[in-house]
Each structure stands twice: as structure tokens, then as C-alpha cells.
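K.L.:
Provided below: entry_10.txt, containing compact mmCIF, C-alpha atoms.
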```txt
# COMPACT_ATOMS: atom_id res chain seq x y z
CA MET C 1 130.20 101.83 128.14
CA PRO C 2 128.06 99.81 130.56
CA ILE C 3 125.07 98.29 128.86
CA ASP C 4 123.73 95.88 131.46
CA GLN C 5 119.97 95.50 131.26
CA GLY C 6 118.13 92.73 133.01
CA ALA C 7 119.46 89.23 133.44
CA ILE C 8 118.97 85.74 132.11
CA ASP C 9 116.45 83.68 134.08
CA PRO C 10 117.68 80.06 134.09
CA THR C 11 114.29 78.85 135.38
CA SER C 12 112.29 80.43 132.56
CA PRO C 13 110.77 78.19 129.86
CA VAL C 14 111.97 80.77 127.32
CA PRO C 15 115.27 79.57 125.75
CA LYS C 16 118.32 81.44 127.01
CA TYR C 17 119.35 82.57 123.52
CA THR C 18 115.89 84.09 123.06
CA GLN C 19 116.21 85.93 126.37
CA LEU C 20 119.59 87.31 125.31
CA ARG C 21 118.18 88.37 121.96
CA GLU C 22 115.40 90.29 123.71
CA LEU C 23 117.92 91.98 126.02
CA LEU C 24 120.03 93.12 123.06
CA VAL C 25 116.97 94.30 121.11
CA GLY C 26 115.91 96.35 124.14
CA LEU C 27 119.33 98.01 124.28
CA MET C 28 119.15 98.85 120.59
CA GLU C 29 115.63 100.26 120.84
CA GLU C 30 116.66 102.45 123.78
CA ALA C 31 119.68 103.65 121.75
CA ARG C 32 122.05 102.43 124.45
CA LEU C 33 123.50 100.46 121.55
CA PRO C 34 123.18 103.05 118.74
CA VAL C 35 123.44 102.47 114.98
CA ASP C 36 126.91 101.32 113.87
CA ALA C 37 128.03 100.81 117.49
CA PRO C 38 129.85 97.53 118.20
CA ILE C 39 128.13 95.06 120.48
CA PRO C 40 130.18 93.34 123.20
CA SER C 41 132.20 90.36 122.02
CA GLU C 42 130.88 86.83 122.45
CA ARG C 43 133.31 86.33 125.30
CA GLU C 44 132.06 89.46 127.09
CA LEU C 45 128.43 88.44 126.65
CA CYS C 46 129.20 84.96 127.97
CA GLN C 47 130.79 86.41 131.09
CA ARG C 48 128.19 89.14 131.62
CA TYR C 49 125.15 86.87 131.36
CA GLY C 50 126.58 83.51 132.43
CA LEU C 51 125.97 81.82 129.08
CA SER C 52 127.82 79.38 126.90
CA ARG C 53 129.43 80.66 123.71
CA MET C 54 127.07 78.49 121.64
CA THR C 55 124.04 80.16 123.25
CA VAL C 56 125.46 83.65 122.70
CA ARG C 57 126.32 82.87 119.09
CA GLN C 58 122.81 81.56 118.45
CA ALA C 59 121.30 84.83 119.71
CA VAL C 60 123.70 86.99 117.71
CA ASP C 61 123.28 84.89 114.55
CA GLN C 62 119.52 85.33 114.79
CA LEU C 63 119.87 89.13 115.08
CA VAL C 64 122.22 89.15 112.10
CA SER C 65 119.76 87.10 110.02
CA GLU C 66 116.99 89.55 111.00
CA GLY C 67 119.07 92.47 109.78
CA ARG C 68 119.36 94.06 113.24
CA LEU C 69 123.11 93.42 113.40
CA TYR C 70 125.86 93.14 110.80
CA ARG C 71 129.32 91.63 110.90
CA VAL C 72 132.56 93.14 109.64
CA PRO C 73 135.22 90.42 109.26
CA GLY C 74 138.16 91.04 111.57
CA LYS C 75 136.41 93.90 113.38
CA GLY C 76 133.30 92.60 115.10
CA THR C 77 129.52 92.80 115.09
CA PHE C 78 127.70 96.12 114.86
CA VAL C 79 124.19 97.54 115.19
CA ALA C 80 122.44 97.88 111.81
CA ARG C 81 120.19 100.72 110.75
CA PRO C 82 116.51 100.14 111.56
CA LYS C 83 114.40 98.72 108.77
CA ILE C 84 112.09 101.01 106.83
CA ASP C 85 108.40 100.20 106.53
CA MET C 86 107.65 99.57 102.87
CA PRO C 87 104.92 102.01 101.80
CA LEU C 88 101.71 100.16 101.02
CA ARG C 89 100.28 103.19 99.27
CA LEU C 90 100.73 105.03 95.99
CA VAL C 91 103.73 107.27 96.64
CA SER C 92 107.00 107.90 94.84
CA PHE C 93 110.31 106.78 96.33
CA THR C 94 111.43 110.43 96.44
CA GLU C 95 108.36 111.55 98.40
CA ASP C 96 108.62 108.58 100.75
CA MET C 97 112.28 109.20 101.64
CA LEU C 98 111.77 112.96 102.08
CA ALA C 99 108.88 112.26 104.46
CA ARG C 100 111.24 110.10 106.54
CA GLY C 101 113.83 112.88 106.73
CA MET C 102 116.22 111.05 104.41
CA VAL C 103 117.93 112.33 101.25
CA PRO C 104 116.64 110.43 98.18
CA GLY C 105 118.87 109.78 95.21
CA ALA C 106 118.89 107.90 91.93
CA ARG C 107 121.59 106.48 89.72
CA GLU C 108 120.45 105.72 86.22
CA LEU C 109 121.28 102.20 85.06
CA ASP C 110 119.56 102.05 81.68
CA ARG C 111 116.82 103.56 79.53
CA ARG C 112 115.44 101.95 76.42
CA THR C 113 112.29 101.37 74.37
CA ILE C 114 111.13 97.79 73.90
CA PRO C 115 108.22 96.04 72.15
CA ALA C 116 105.56 94.90 74.59
CA GLY C 117 105.46 91.18 75.24
CA ALA C 118 102.35 89.35 76.42
CA HIS C 119 102.72 90.42 80.09
CA LEU C 120 103.19 94.15 79.40
CA ALA C 121 100.63 94.21 76.61
CA GLY C 122 98.06 92.65 78.92
CA ALA C 123 98.88 95.01 81.80
CA PHE C 124 98.51 98.13 79.65
CA GLY C 125 95.69 96.86 77.44
CA LEU C 126 97.83 97.30 74.34
CA GLY C 127 98.55 95.16 71.32
CA ALA C 128 101.62 92.93 71.30
CA GLY C 129 104.66 94.82 70.07
CA ALA C 130 103.48 98.27 71.23
CA GLU C 131 106.41 100.48 72.23
CA ILE C 132 107.16 100.63 75.97
CA HIS C 133 109.67 102.96 77.61
CA VAL C 134 111.83 101.31 80.29
CA VAL C 135 113.67 103.41 82.88
CA GLU C 136 115.96 101.43 85.20
CA ARG C 137 117.39 103.19 88.26
CA LEU C 138 119.21 102.38 91.49
CA ARG C 139 117.42 104.24 94.28
CA THR C 140 119.38 105.46 97.29
CA ALA C 141 118.60 107.00 100.67
CA ASP C 142 121.31 109.01 102.41
CA ALA C 143 123.65 107.71 99.68
CA GLN C 144 122.96 104.07 100.62
CA PRO C 145 121.54 101.69 97.94
CA MET C 146 117.99 100.68 98.82
CA ALA C 147 116.20 99.38 95.72
CA ILE C 148 116.35 98.84 91.98
CA GLU C 149 113.37 100.21 90.06
CA ARG C 150 112.45 99.18 86.52
CA SER C 151 109.62 101.42 85.35
CA HIS C 152 107.61 100.56 82.22
CA ILE C 153 105.50 103.30 80.59
CA PRO C 154 103.71 103.17 77.22
CA ALA C 155 105.64 105.35 74.78
CA ALA C 156 102.40 106.70 73.30
CA ILE C 157 101.45 108.54 76.52
CA ALA C 158 104.95 109.87 77.29
CA PRO C 159 106.71 110.69 74.00
CA GLY C 160 110.27 111.89 74.46
CA LEU C 161 110.45 110.66 78.07
CA LEU C 162 113.80 108.96 77.55
CA GLY C 163 115.35 112.26 76.49
CA ARG C 164 114.63 113.89 79.83
CA GLY C 165 116.92 113.99 82.87
CA LEU C 166 115.68 111.67 85.60
CA ALA C 167 118.77 111.08 87.74
CA ASP C 168 117.61 112.99 90.83
CA ARG C 169 113.99 113.74 89.94
CA SER C 170 110.77 112.04 90.84
CA LEU C 171 109.46 110.22 87.77
CA TYR C 172 105.94 110.91 89.03
CA ASP C 173 106.65 114.66 88.99
CA VAL C 174 107.87 114.46 85.38
CA LEU C 175 104.85 112.45 84.28
CA GLU C 176 102.48 114.89 85.99
CA ASN C 177 104.11 118.19 85.07
CA VAL C 178 105.20 117.33 81.51
CA TYR C 179 102.62 114.80 80.35
CA GLY C 180 99.62 115.54 82.59
CA ILE C 181 99.55 111.97 83.94
CA VAL C 182 98.23 112.02 87.53
CA PHE C 183 98.04 108.64 89.24
CA ASP C 184 94.90 108.12 91.30
CA ALA C 185 94.94 104.39 92.04
CA GLY C 186 97.30 101.46 92.12
CA GLU C 187 97.94 97.89 93.20
CA GLN C 188 100.98 96.06 94.51
CA THR C 189 102.18 92.48 94.60
CA ILE C 190 105.09 91.73 96.94
CA GLU C 191 106.95 88.45 97.34
CA ALA C 192 110.18 87.17 98.81
CA ALA C 193 113.02 86.27 96.46
CA ILE C 194 116.78 85.74 96.24
CA ALA C 195 118.84 88.52 94.64
CA ASP C 196 120.49 87.57 91.37
CA PRO C 197 124.25 88.32 91.22
CA SER C 198 123.93 91.57 89.24
CA ASP C 199 121.24 93.02 91.53
CA ALA C 200 123.17 91.94 94.64
CA LYS C 201 126.23 93.83 93.42
CA LEU C 202 124.23 97.00 92.75
CA LEU C 203 122.50 96.80 96.13
CA ASP C 204 125.80 96.09 97.92
CA ILE C 205 124.54 92.88 99.52
CA PRO C 206 126.07 89.38 99.49
CA ARG C 207 125.13 87.02 96.68
CA GLY C 208 122.16 84.89 97.59
CA SER C 209 120.73 87.53 99.95
CA ALA C 210 117.00 87.76 100.47
CA VAL C 211 115.18 90.60 98.72
CA LEU C 212 111.60 91.78 98.36
CA ARG C 213 110.29 91.80 94.80
CA MET C 214 107.44 94.18 94.09
CA GLU C 215 105.28 94.70 91.03
CA GLN C 216 103.26 97.90 91.17
CA ARG C 217 100.65 99.00 88.65
CA SER C 218 99.67 102.67 88.76
CA TYR C 219 96.45 103.94 87.18
CA ALA C 220 95.35 107.33 85.89
CA GLY C 221 91.65 107.67 85.14
CA GLY C 222 91.15 103.92 85.32
CA VAL C 223 93.91 103.17 82.80
CA CYS C 224 97.20 101.49 83.73
CA ALA C 225 99.92 104.02 82.85
CA GLU C 226 102.94 102.53 84.63
CA LEU C 227 104.17 99.11 85.70
CA VAL C 228 107.16 99.05 88.03
CA GLU C 229 109.17 95.96 88.89
CA SER C 230 111.33 96.71 91.94
CA THR C 231 113.88 94.80 93.98
CA TYR C 232 114.21 96.00 97.58
CA ARG C 233 116.86 95.06 100.13
CA ALA C 234 115.14 92.78 102.63
CA ASP C 235 117.65 93.80 105.31
CA ARG C 236 116.45 97.42 105.07
CA TYR C 237 112.71 96.98 104.54
CA ARG C 238 109.82 95.34 106.30
CA LEU C 239 106.08 95.20 105.60
CA HIS C 240 103.70 96.95 107.98
CA THR C 241 99.97 97.48 107.64
CA ALA C 242 96.92 98.03 109.80
CA LEU C 243 94.43 95.18 110.08
CA GLU C 244 90.69 95.60 110.16
CA ILE C 245 88.12 93.11 111.36
CA PRO C 246 85.49 92.67 108.65
CA ARG C 247 81.96 93.31 109.78
CA ARG C 248 79.78 90.26 109.77
CA GLY C 249 76.63 90.66 107.76
CA ARG C 250 73.35 90.01 109.47
CA SER C 251 70.85 87.68 107.92
CA ILE C 252 67.24 88.82 108.15
CA SER C 253 64.49 86.22 108.49
CA ARG C 254 61.21 86.99 106.84
```
Can the structure in the file be given as C-alpha cells, please?
P.N.:
Amino acid sequence: MPIDQGAIDPTSPVPKYTQLRELLVGLMEEARLPVDAPIPSERELCQRYGLSRMTVRQAVDQLVSEGRLYRVPGKGTFVARPKIDMPLRLVSFTEDMLARGMVPGARELDRRTIPAGAHLAGAFGLGAGAEIHVVERLRTADAQPMAIERSHIPAAIAPGLLGRGLADRSLYDVLENVYGIVFDAGEQTIEAAIADPSDAKLLDIPRGSAVLRMEQRSYAGGVCAELVESTYRADRYRLHTALEIPRRGRSISR
């Protein structure tokens, strides 16, 4: 399949590997190189664009590190699925995936009740040692692992929660329909991290891969009713938000 688009300008101040990267990104965005399609070999790209193998490899390595391409040993380099914008709003994983036209899923990893340590006690405004339900699930989209969620909910507001089926249900739906807990506010903290070996295995990513760690606190009537610690695949998610310019206040002279 011919994929030629543009050419490398040897007189441009833009590095040649950057120009090649932009050409390949353009082909992917136009779907001329669709998801899971192989890209031309390094040798083909060298010949097609008049570049050295080192320059081609630098461009391809950068796209792999960005999560736009992935390598299969012995087979080649392929176009990765586009990253998903991480929702910066109070919405369940199930609702978010359905809105994107994807099939959400959940595989339960663990459920238990633990005594609140200092961090959880402070978050929920409870005394140390108060019982906290923990529901740990691997979240999937179109059967692909996307994130690990560890939800913490005070046992006093959701008695019997751990006896309910949660494998393919929205936890928010259960909390609302069974316990009358309706979240109306929340806050998130997101930071970059390295996946520990057990999480990397569950998420089907190499050890030492980058991940996004999120702590979300959800409130109902001004009271924190859930704290979620999540680990998201950094190769499948990105952060996106609108920016507003703050209005400058005017000083009034009297």
C-alpha cells in the first residue's frame, strides 16, 4: 500500500528525525496507517525518504516511547491504538467507556475490610481503626486491560457491600441504587509513576513501564464517601483539559 506523504526537507532547521516523525503521525491520523497496521521497515523508510538508518530509528523509537507505535519481536513495528483522554470530571469508568463507544469490563482482584490507618481516617473524617471496605478491580475496555482501581468506602455507609456482585457493574450505580449515596463533588490528584511488577503483569505492560497514578475523593453532601487509588496505563491515557485565562481584578482609587 503506498503511503507516501510529503518529503524530508534537508535545508530545514527542523531535525530530519522530527520531520519523519511528523510524516508518520500524519499518516496515522489520516488512517492511511490504521490501528495494528505494520509501518514500513527501517530499510524501506531509509530508501523512501533518503535517510540514514540511525535517523529513521530515532524517529520510530520516539513514536514507540510516546505510545503511538508498538513493536512485536520478530514481526515488526505496528500502529498502536490512540490514547484515551483521562476524564477530569466525576464519572464512573463504566459510564466513561460507554460514552466512547467501548465495552467496559471488570475483573475482580480482591475485596476485604480493613481498619482505617491515618491516611484513610483523615480522608473520611473517621477515627483510626474504623472499618473500611476495599474493592480492587482490573478495569478493561473492549477486553483490553486499562487500569487497576482500588476503591475504599466506609463500611458504616455501605453495609454488606462486599457481598454484592460487582464484576461487570458500575460501583457508583450500586452505591446510588442500594445505599442512596449520590456523589455530587470530587477532587483528583494525578502523578506519573513506574508500575510495580504485580501491576505491570495485570495491565499487560513491561516491567518498569510508566503509569499514571490517580487518587480520587468523591463527596456526597459535603462528606467524603469514597477514595479511589487507581493505576492507569500511560500508553493508553493522556491528560486533556481546557484552559481559562483568569480575569484580572481592577483596583479602584478613591
K.L.:
Quick one: of C:Gly105, C:Gly222, C:Gly26, C:Pro73, who's nearest to C:Leu166, counting all atoms listed in the file?
P.N.:
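Nearest candidate to C:Leu166 out of C:Gly105, C:Gly222, C:Gly26, C:Pro73: C:Gly105.
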K.L.:
Mind pulling up the distance from atom CA of C:Gly74 to atom CA of C:Lys16?
P.N.:
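Going from atom CA of C:Lys16 over to atom CA of C:Gly74, I get 26.9 Å.
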K.L.:
Which is closest to C:Ala123 among C:Pro10, C:Leu51, C:Arg57, C:Ile153, if we use only C-alpha atoms?
P.N.:
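Between C:Pro10, C:Leu51, C:Arg57, C:Ile153, the residue approaching C:Ala123 most closely is C:Ile153.
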K.L.:
Rank nothing, just name the residue among C:Arg68, C:Lys83, C:Arg207, C:Arg48 nearest to C:Leu33, using all atoms listed in the file.
P.N.:
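Of the candidates, the smallest distance to C:Leu33 is held by C:Arg68.
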K.L.:
Between atom CA of C:Glu149 and atom CA of C:Val135, what distance in Å does the model show, to one decimal?
P.N.:
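Taking atom CA of C:Glu149 as the start and atom CA of C:Val135 as the end point, the length is 7.9 Å.
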K.L.:
Between atom CA of C:Leu175 and atom CA of C:Glu108, measure the distance and give it in Å to one decimal.
P.N.:
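According to the coordinates, atom CA of C:Leu175 and atom CA of C:Glu108 are separated by 17.1 Å.
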K.L.:
Box time for stretch 229-239 of chain C: axis-aligned, enclosing all its listed atoms, 8 Å extra on each side; report centre and edge lengths in Å to one decimal, as lines of an AutoDock Vina configuration file.
P.N.:
```
center_x = 111.9
center_y = 95.1
center_z = 97.6
size_x = 27.6
size_y = 20.6
size_z = 33.4
```
K.L.:
Counting only C-alpha atoms, which residue out of C:Ile148, C:Cys224, C:Val60, C:Met102 sits closest to C:Asp199?
P.N.:
C:Ile148
K.L.:
What's around C:Leu120 at 12 Å? Count all atoms listed in the file, leave out sequence neighbours fewer than 4 positions away in its own chain, and write the answer as a PyMOL selection string.
P.N.:
chain C and resi 114-116+124-134+151-154+215+217+224-229
K.L.:
Restricting the calculation to only C-alpha atoms: of C:Gly117, C:Gly76, C:Gly67, C:Pro13, which residue gets closest to C:Ile39?
P.N.:
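Result for the nearest residue to C:Ile39: C:Gly76.
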K.L.:
Counting all atoms listed in the file, which residue out of C:Val14, C:Ile84, C:Val79, C:Ala147 sits closest to C:Pro38?
P.N.:
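Ranked by minimum distance to C:Pro38, first place goes to C:Val79.
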K.L.:
Which polymer residues, protein or nucleic acid, are no farther than 12 Å from (107.8, 110.1, 97.5), counting all atoms listed in the file, as a PyMOL selection string?
P.N.:
chain C and resi 86-87+89-105+139+141+169-173
K.L.:
Which residues are near C:Ser52? Cut-off 12 Å, only C-alpha atoms, ignore same chain within fewer than 6 positions. Put them as a list in words.
P.N.:
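The filter keeps Lys16, Tyr17, Leu20, Glu42, Arg43, Glu44, Leu45, Cys46, Gln58 and Ala59 of chain C.
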K.L.:
Could you name the residues that touch C:Thr189 at 8 Å or less, counting all atoms listed in the file, but leaving out those on the same chain fewer than 2 positions away, as a PyMOL selection string?
P.N.:
chain C and resi 187+191+214-216
K.L.:
Could you model N, CA and C atoms for stretch 145-159 of chain C and present them as a PDB file, in the coordinates of the input?
P.N.:
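Printed below is part-v6.pdb as written:
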```pdb
ATOM      1  N   PRO C 145     122.439 102.359  98.887  1.00  0.00           N
ATOM      2  CA  PRO C 145     121.540 101.690  97.940  1.00  0.00           C
ATOM      3  C   PRO C 145     120.385 100.996  98.666  1.00  0.00           C
ATOM      4  N   MET C 146     119.181 101.223  98.166  1.00  0.00           N
ATOM      5  CA  MET C 146     117.990 100.680  98.820  1.00  0.00           C
ATOM      6  C   MET C 146     117.182  99.765  97.900  1.00  0.00           C
ATOM      7  N   ALA C 147     117.081 100.143  96.622  1.00  0.00           N
ATOM      8  CA  ALA C 147     116.200  99.380  95.720  1.00  0.00           C
ATOM      9  C   ALA C 147     116.596  99.621  94.272  1.00  0.00           C
ATOM     10  N   ILE C 148     116.208  98.691  93.425  1.00  0.00           N
ATOM     11  CA  ILE C 148     116.350  98.840  91.980  1.00  0.00           C
ATOM     12  C   ILE C 148     114.948  98.930  91.407  1.00  0.00           C
ATOM     13  N   GLU C 149     114.679  99.995  90.665  1.00  0.00           N
ATOM     14  CA  GLU C 149     113.370 100.210  90.060  1.00  0.00           C
ATOM     15  C   GLU C 149     113.469 100.068  88.544  1.00  0.00           C
ATOM     16  N   ARG C 150     112.557  99.304  87.972  1.00  0.00           N
ATOM     17  CA  ARG C 150     112.450  99.180  86.520  1.00  0.00           C
ATOM     18  C   ARG C 150     111.043  99.590  86.134  1.00  0.00           C
ATOM     19  N   SER C 151     110.927 100.845  85.683  1.00  0.00           N
ATOM     20  CA  SER C 151     109.620 101.420  85.350  1.00  0.00           C
ATOM     21  C   SER C 151     109.306 101.214  83.875  1.00  0.00           C
ATOM     22  N   HIS C 152     108.079 100.783  83.597  1.00  0.00           N
ATOM     23  CA  HIS C 152     107.610 100.560  82.220  1.00  0.00           C
ATOM     24  C   HIS C 152     106.428 101.507  81.975  1.00  0.00           C
ATOM     25  N   ILE C 153     106.527 102.314  80.920  1.00  0.00           N
ATOM     26  CA  ILE C 153     105.500 103.300  80.590  1.00  0.00           C
ATOM     27  C   ILE C 153     105.245 103.261  79.086  1.00  0.00           C
ATOM     28  N   PRO C 154     104.001 103.170  78.659  1.00  0.00           N
ATOM     29  CA  PRO C 154     103.710 103.170  77.220  1.00  0.00           C
ATOM     30  C   PRO C 154     104.284 104.422  76.547  1.00  0.00           C
ATOM     31  N   ALA C 155     105.005 104.227  75.464  1.00  0.00           N
ATOM     32  CA  ALA C 155     105.640 105.350  74.780  1.00  0.00           C
ATOM     33  C   ALA C 155     104.610 106.325  74.229  1.00  0.00           C
ATOM     34  N   ALA C 156     103.420 105.845  73.902  1.00  0.00           N
ATOM     35  CA  ALA C 156     102.400 106.700  73.300  1.00  0.00           C
ATOM     36  C   ALA C 156     101.921 107.793  74.244  1.00  0.00           C
ATOM     37  N   ILE C 157     101.959 107.541  75.572  1.00  0.00           N
ATOM     38  CA  ILE C 157     101.450 108.540  76.520  1.00  0.00           C
ATOM     39  C   ILE C 157     102.569 109.424  77.071  1.00  0.00           C
ATOM     40  N   ALA C 158     103.829 109.067  76.807  1.00  0.00           N
ATOM     41  CA  ALA C 158     104.950 109.870  77.290  1.00  0.00           C
ATOM     42  C   ALA C 158     106.024 109.973  76.214  1.00  0.00           C
ATOM     43  N   PRO C 159     105.702 110.573  75.075  1.00  0.00           N
ATOM     44  CA  PRO C 159     106.710 110.690  74.000  1.00  0.00           C
ATOM     45  C   PRO C 159     107.877 111.566  74.446  1.00  0.00           C
TER      46      PRO C 159
END
```
